[in-house]
>>> print(open('target.txt').read())   # compact mmCIF, C-alpha atoms
# COMPACT_ATOMS: atom_id res chain seq x y z
CA MET I 1 -39.31 -17.71 -58.04
CA PRO I 2 -40.49 -21.32 -58.10
CA SER I 3 -44.05 -22.15 -57.14
CA PRO I 4 -44.45 -23.13 -53.47
CA LEU I 5 -46.57 -26.12 -54.62
CA PRO I 6 -44.99 -29.40 -55.70
CA LYS I 7 -45.04 -29.79 -59.47
CA SER I 8 -47.41 -32.78 -59.30
CA SER I 9 -50.14 -30.68 -57.66
CA ARG I 10 -49.77 -27.68 -59.94
CA SER I 11 -52.87 -27.16 -62.04
CA LYS I 12 -53.34 -25.10 -65.17
CA ALA I 13 -54.29 -22.05 -63.08
CA THR I 14 -51.15 -22.48 -60.97
CA GLN I 15 -49.05 -22.77 -64.11
CA LEU I 16 -50.67 -19.61 -65.46
CA TRP I 17 -49.94 -17.86 -62.16
CA SER I 18 -46.26 -18.77 -62.46
CA LYS I 19 -46.12 -16.75 -65.69
CA TRP I 20 -47.14 -13.61 -63.77
CA GLN I 21 -44.46 -13.54 -61.10
CA PRO I 22 -42.42 -10.35 -60.68
CA GLY I 23 -39.56 -9.97 -63.10
CA THR I 24 -41.03 -12.16 -65.83
CA PRO I 25 -41.70 -10.60 -69.24
CA SER I 26 -45.47 -11.05 -69.00
CA ALA I 27 -45.55 -9.44 -65.56
CA GLU I 28 -43.48 -6.52 -66.77
CA GLY I 29 -45.39 -5.90 -70.00
CA ASP I 30 -42.52 -6.79 -72.33
CA ASN I 31 -44.41 -9.51 -74.19
CA GLN I 32 -44.60 -8.43 -77.83
CA ASP I 33 -47.78 -10.46 -78.37
CA SER I 34 -49.63 -8.72 -75.56
CA PRO I 35 -51.70 -5.54 -76.03
CA ARG I 36 -49.53 -4.23 -73.17
CA GLY I 37 -46.33 -5.09 -75.02
CA LYS I 38 -44.10 -2.52 -76.66
CA ARG I 39 -44.97 -1.97 -80.32
CA LYS I 40 -43.67 0.46 -82.89
CA GLY I 41 -46.16 3.29 -83.23
CA GLY I 42 -47.96 2.40 -79.99
CA VAL I 43 -51.23 0.57 -79.49
CA SER I 44 -54.43 1.54 -81.26
CA LEU I 45 -57.70 0.43 -79.69
CA LYS I 46 -59.27 0.12 -83.13
CA ASP I 47 -57.01 -2.91 -83.65
CA PHE I 48 -58.90 -4.81 -80.93
CA ASP I 49 -62.43 -6.20 -80.97
CA ALA I 50 -64.35 -4.45 -78.19
CA GLY I 51 -66.81 -7.34 -78.04
CA ALA I 52 -64.19 -10.08 -77.84
CA LYS I 53 -64.45 -12.65 -75.07
CA PRO I 54 -61.04 -14.34 -75.28
CA TYR I 55 -61.55 -16.47 -72.16
CA SER I 56 -65.07 -17.66 -72.95
CA LEU I 57 -65.58 -21.36 -73.57
CA GLY I 58 -68.53 -20.70 -75.83
CA ASP I 59 -71.60 -20.62 -73.61
CA LYS I 60 -72.56 -19.22 -70.21
CA ALA I 61 -73.02 -22.62 -68.55
CA GLN I 62 -69.49 -23.70 -69.48
CA ASP I 63 -68.09 -20.32 -68.45
CA LYS I 64 -69.87 -20.49 -65.08
CA ALA I 65 -68.55 -24.01 -64.43
CA ALA I 66 -65.02 -22.91 -65.33
CA VAL I 67 -65.23 -19.90 -63.00
CA GLU I 68 -66.55 -22.15 -60.21
CA ALA I 69 -63.62 -24.55 -60.65
CA LEU I 70 -61.16 -21.67 -60.77
CA ALA I 71 -62.66 -20.06 -57.65
CA THR I 72 -62.28 -23.32 -55.72
CA GLU I 73 -58.68 -23.65 -56.82
CA LEU I 74 -57.91 -20.01 -56.05
CA ASP I 75 -59.24 -20.49 -52.52
CA THR I 76 -56.74 -23.33 -52.01
CA LEU I 77 -53.89 -21.39 -53.61
CA GLN I 78 -54.68 -18.37 -51.45
CA ASP I 79 -53.76 -20.36 -48.35
CA VAL I 80 -50.36 -21.20 -49.86
CA PHE I 81 -49.89 -17.61 -51.04
CA TYR I 82 -50.74 -16.24 -47.58
CA ALA I 83 -48.44 -18.68 -45.76
CA ASP I 84 -45.59 -18.12 -48.21
CA LYS I 85 -45.62 -14.30 -47.74
CA ARG I 86 -43.23 -13.72 -50.67
CA TYR I 87 -45.57 -11.72 -52.88
CA LYS I 88 -48.41 -9.28 -52.84
CA LEU I 89 -51.12 -9.53 -55.49
CA LEU I 90 -52.99 -6.48 -56.74
CA VAL I 91 -55.80 -7.23 -59.18
CA VAL I 92 -57.09 -4.14 -61.00
CA LEU I 93 -60.59 -4.33 -62.47
CA GLN I 94 -61.07 -1.24 -64.61
CA GLY I 95 -64.08 -0.78 -66.84
CA THR I 96 -67.18 1.23 -67.51
CA ASP I 97 -70.36 0.81 -65.47
CA THR I 98 -71.95 -2.61 -66.12
CA SER I 99 -68.70 -4.04 -67.52
CA GLY I 100 -68.67 -6.94 -65.04
CA LYS I 101 -66.34 -5.72 -62.30
CA ASP I 102 -68.74 -6.57 -59.44
CA GLY I 103 -69.65 -9.92 -61.00
CA THR I 104 -65.97 -10.79 -61.32
CA LEU I 105 -65.41 -9.92 -57.67
CA ARG I 106 -68.32 -12.11 -56.55
CA GLY I 107 -67.70 -14.98 -58.97
CA VAL I 108 -63.94 -15.30 -58.77
CA PHE I 109 -62.97 -13.88 -55.39
CA GLY I 110 -66.18 -14.45 -53.42
CA ARG I 111 -65.17 -17.94 -52.23
CA MET I 112 -61.78 -16.86 -50.93
CA SER I 113 -61.17 -16.15 -47.25
CA ALA I 114 -61.93 -12.57 -46.31
CA LEU I 115 -58.76 -12.64 -44.21
CA GLY I 116 -56.57 -12.77 -47.31
CA VAL I 117 -58.58 -10.84 -49.89
CA HIS I 118 -59.43 -7.17 -49.62
CA ALA I 119 -61.71 -5.52 -52.17
CA VAL I 120 -61.55 -1.75 -52.61
CA GLY I 121 -64.12 0.21 -54.57
CA TRP I 122 -63.00 3.66 -55.63
CA LYS I 123 -65.44 6.55 -55.51
CA ALA I 124 -64.80 10.28 -55.89
CA PRO I 125 -61.98 11.39 -53.55
CA SER I 126 -62.98 12.72 -50.13
CA GLU I 127 -61.94 16.19 -48.99
CA ALA I 128 -59.06 14.68 -46.98
CA GLU I 129 -57.92 12.69 -50.04
CA ARG I 130 -58.12 15.74 -52.32
CA ALA I 131 -55.80 17.57 -49.89
CA ARG I 132 -53.04 15.06 -50.77
CA ASP I 133 -51.53 13.85 -54.03
CA TYR I 134 -53.95 11.75 -56.07
CA LEU I 135 -52.00 8.50 -55.62
CA TRP I 136 -51.94 8.78 -51.81
CA ARG I 137 -55.28 7.05 -51.30
CA ILE I 138 -54.34 4.32 -53.78
CA HIS I 139 -51.04 3.59 -52.04
CA GLN I 140 -52.84 3.23 -48.70
CA GLN I 141 -54.73 0.22 -50.07
CA VAL I 142 -52.04 -1.85 -51.81
CA PRO I 143 -51.65 -5.37 -50.37
CA GLN I 144 -49.12 -6.44 -47.80
CA ALA I 145 -47.03 -9.58 -48.22
CA GLY I 146 -49.21 -12.67 -48.64
CA ASP I 147 -52.38 -10.69 -49.29
CA ILE I 148 -54.55 -10.13 -52.33
CA THR I 149 -56.21 -6.79 -52.99
CA VAL I 150 -58.77 -6.28 -55.73
CA PHE I 151 -59.38 -2.74 -56.97
CA ASN I 152 -62.86 -2.14 -58.37
CA ARG I 153 -61.79 0.80 -60.51
CA SER I 154 -58.36 2.23 -59.86
CA GLN I 155 -55.78 4.98 -60.14
CA TYR I 156 -56.73 5.23 -63.81
CA GLU I 157 -59.91 7.05 -62.77
CA ASP I 158 -57.63 9.89 -61.63
CA VAL I 159 -56.46 10.24 -65.22
CA LEU I 160 -59.68 9.54 -67.10
CA VAL I 161 -62.24 11.60 -65.18
CA PRO I 162 -60.19 14.83 -64.94
CA VAL I 163 -59.35 14.66 -68.67
CA VAL I 164 -62.95 14.04 -69.74
CA ASN I 165 -64.19 16.86 -67.52
CA GLY I 166 -61.39 19.25 -68.51
CA TRP I 167 -60.08 19.59 -64.96
CA ILE I 168 -56.41 19.08 -65.89
CA THR I 169 -54.22 20.35 -68.70
CA PRO I 170 -52.62 18.06 -71.31
CA GLU I 171 -49.31 18.55 -69.49
CA GLN I 172 -50.85 17.47 -66.17
CA HIS I 173 -52.40 14.49 -67.95
CA GLN I 174 -48.99 13.35 -69.25
CA GLN I 175 -47.47 13.92 -65.82
CA ARG I 176 -50.14 11.75 -64.17
CA LEU I 177 -49.56 8.97 -66.70
CA ALA I 178 -45.84 9.08 -65.87
CA HIS I 179 -46.61 9.03 -62.12
CA ILE I 180 -48.81 5.96 -62.51
CA ASN I 181 -46.16 4.14 -64.56
CA ASP I 182 -43.54 4.96 -61.91
CA PHE I 183 -45.92 3.90 -59.10
CA GLU I 184 -46.66 0.56 -60.75
CA ARG I 185 -42.97 -0.02 -61.47
CA MET I 186 -42.18 0.61 -57.80
CA LEU I 187 -44.91 -1.85 -56.75
CA SER I 188 -43.53 -4.49 -59.11
CA GLU I 189 -39.95 -3.96 -57.95
CA THR I 190 -41.00 -4.42 -54.32
CA GLY I 191 -42.79 -7.73 -54.87
CA THR I 192 -46.32 -6.73 -55.84
CA VAL I 193 -47.73 -8.59 -58.81
CA VAL I 194 -50.11 -6.19 -60.58
CA LEU I 195 -52.72 -7.91 -62.76
CA LYS I 196 -54.97 -5.69 -64.83
>>> encode(input="target.txt", output="structure tokens")
Amino acid sequence: MPSPLPKSSRSKATQLWSKWQPGTPSAEGDNQDSPRGKRKGGVSLKDFDAGAKPYSLGDKAQDKAAVEALATELDTLQDVFYADKRYKLLVVLQGTDTSGKDGTLRGVFGRMSALGVHAVGWKAPSEAERARDYLWRIHQQVPQAGDITVFNRSQYEDVLVPVVNGWITPEQHQQRLAHINDFERMLSETGTVVLK
């Protein structure tokens, strides 16, 4: 869908956003140049530099200024996004402890109106959550039309932690991966842009 902003007022961030709208190859993971793209033989993490900072401008001062400018622009775009009510945006921040998830939340989303951004931090499931399927609690928190939700950790914890601790079998692991793929496909098909 076209951007709700006139072309003359569209910035670089807005143009980047337009690449991530539902149904586009980059939103669906079909981009062959992306680590998420489909490749023969799958993706091997050893092919990627774990220390890479692809979005860094070179030093912390420049990076901080760029994030500040982006945060200001995102605050303005959020108003348009909220009023437009065509999409839902789910941002998934997944990483180890001290990987920068909280800093990203504060730096990038901290300036945005609390009325349109909802941050969810995932801890171990409660007793009530364990009594249901593992995606139930995740689905309760996905954004409604015009809203932005940021997951600090995500449904991937429900695959990683049980595998590492030996709580599920390899068959259950594969089943959970399939469930998550189906869940994310359903979100995308119903207007939720999922950014990881």
>>> residues_around(input="target.txt", residues="Gly121 of chain I", least_positions_apart="3", cutoff="9 Å", atoms="all atoms listed in the file", output="PyMOL selection string")
chain I and resi 150-154
>>> residues_near_point(input="target.txt", point="(-60.0, -19.6, -63.9)", cutoff="9 Å", atoms="all atoms listed in the file", output="NGL selection string")
:I and (12-13 or 55 or 66-71 or 73-74 or 108)
>>> closest_residue(input="target.txt", among="I:Ser56, I:Gln78, I:Gln140, I:Thr104", to="Gly116 of chain I", atoms="only C-alpha atoms")
I:Gln78
>>> closest_atom_pairs(input="target.txt", of="segment 61-104 of chain I", to="segment 156-161 of chain I", cutoff="12 Å", atoms="all atoms listed in the file", output="tab-separated table")
residue	atom	partner	partner_atom	distance
I:Val92	CA	I:Tyr156	CA	9.8
I:Leu93	CA	I:Tyr156	CA	10.4
I:Gln94	CA	I:Tyr156	CA	7.8
I:Gly95	CA	I:Glu157	CA	9.8
I:Thr96	CA	I:Glu157	CA	10.4
>>> closest_atom_pairs(input="target.txt", of="segment 90-151 of chain I", to="segment 163-187 of chain I", cutoff="12 Å", atoms="all atoms listed in the file", output="CSV")
residue,atom,partner,partner_atom,distance
I:Leu90,CA,I:Leu187,CA,9.3
I:Val92,CA,I:Glu184,CA,11.4
I:Asp133,CA,I:Arg176,CA,10.4
I:Tyr134,CA,I:Arg176,CA,9.0
I:Leu135,CA,I:Ile180,CA,8.0
I:Trp136,CA,I:Phe183,CA,10.6
I:Ile138,CA,I:Phe183,CA,10.0
I:His139,CA,I:Phe183,CA,8.7
I:Val142,CA,I:Leu187,CA,8.7
I:Pro143,CA,I:Leu187,CA,9.9
I:Gln144,CA,I:Leu187,CA,10.9
I:Ala145,CA,I:Leu187,CA,11.7
>>> atom_distance(input="target.txt", atom1="atom CA of Ser44 of chain I", atom2="atom CA of Lys196 of chain I")
18.0 Å
>>> closest_residue(input="target.txt", among="I:Ala124, I:Asp79, I:Ala61, I:Ala131", to="Pro162 of chain I", atoms="only C-alpha atoms")
I:Ala124
>>> atom_distance(input="target.txt", atom1="atom CA of Gln141 of chain I", atom2="atom CA of Thr190 of chain I")
15.1 Å
>>> atom_distance(input="target.txt", atom1="atom CA of Thr149 of chain I", atom2="atom CA of Asp75 of chain I")
14.0 Å
>>> residues_near_point(input="target.txt", point="(-63.7, -17.3, -45.6)", cutoff="12 Å", atoms="all atoms listed in the file", output="ChimeraX atom specification")
/I:72,75-76,78-79,109-118
>>> closest_residue(input="target.txt", among="I:Ala50, I:Gly107, I:Asp97, I:Tyr82", to="Asp63 of chain I", atoms="all atoms listed in the file")
I:Gly107
>>> decode(input="target.txt", residues="segment 45-60 of chain I", atoms="N, CA and C atoms", output="compact mmCIF listing (two decimals), in the first residue's frame")
# COMPACT_ATOMS: atom_id res chain seq x y z
N LEU I 45 25.15 -19.91 10.69
CA LEU I 45 25.56 -18.74 11.46
C LEU I 45 27.05 -18.46 11.33
N LYS I 46 27.84 -19.46 11.02
CA LYS I 46 29.28 -19.23 10.88
C LYS I 46 29.60 -18.35 9.67
N ASP I 47 28.63 -18.18 8.78
CA ASP I 47 28.82 -17.31 7.62
C ASP I 47 28.63 -15.83 7.95
N PHE I 48 28.24 -15.52 9.18
CA PHE I 48 27.97 -14.15 9.58
C PHE I 48 28.89 -13.73 10.71
N ASP I 49 29.35 -12.50 10.67
CA ASP I 49 30.22 -11.95 11.69
C ASP I 49 29.38 -11.58 12.91
N ALA I 50 29.61 -12.27 14.03
CA ALA I 50 28.84 -12.03 15.25
C ALA I 50 29.09 -10.63 15.81
N GLY I 51 30.21 -10.04 15.50
CA GLY I 51 30.53 -8.70 16.00
C GLY I 51 30.18 -7.58 15.04
N ALA I 52 29.55 -7.91 13.93
CA ALA I 52 29.23 -6.90 12.92
C ALA I 52 28.25 -5.87 13.46
N LYS I 53 28.42 -4.64 13.03
CA LYS I 53 27.50 -3.56 13.36
C LYS I 53 27.11 -2.89 12.05
N PRO I 54 26.23 -3.53 11.28
CA PRO I 54 25.94 -3.06 9.93
C PRO I 54 25.30 -1.68 9.86
N TYR I 55 24.68 -1.22 10.94
CA TYR I 55 24.01 0.08 10.91
C TYR I 55 24.81 1.17 11.60
N SER I 56 26.00 0.85 12.07
CA SER I 56 26.84 1.84 12.75
C SER I 56 27.43 2.80 11.73
N LEU I 57 27.52 4.06 12.13
CA LEU I 57 28.13 5.08 11.28
C LEU I 57 29.62 5.21 11.54
N GLY I 58 30.12 4.49 12.51
CA GLY I 58 31.56 4.51 12.76
C GLY I 58 31.95 4.86 14.18
N ASP I 59 31.21 5.77 14.81
CA ASP I 59 31.53 6.05 16.22
C ASP I 59 30.24 6.28 17.00
N LYS I 60 30.34 6.19 18.32
CA LYS I 60 29.15 6.25 19.17
C LYS I 60 28.43 7.58 19.08
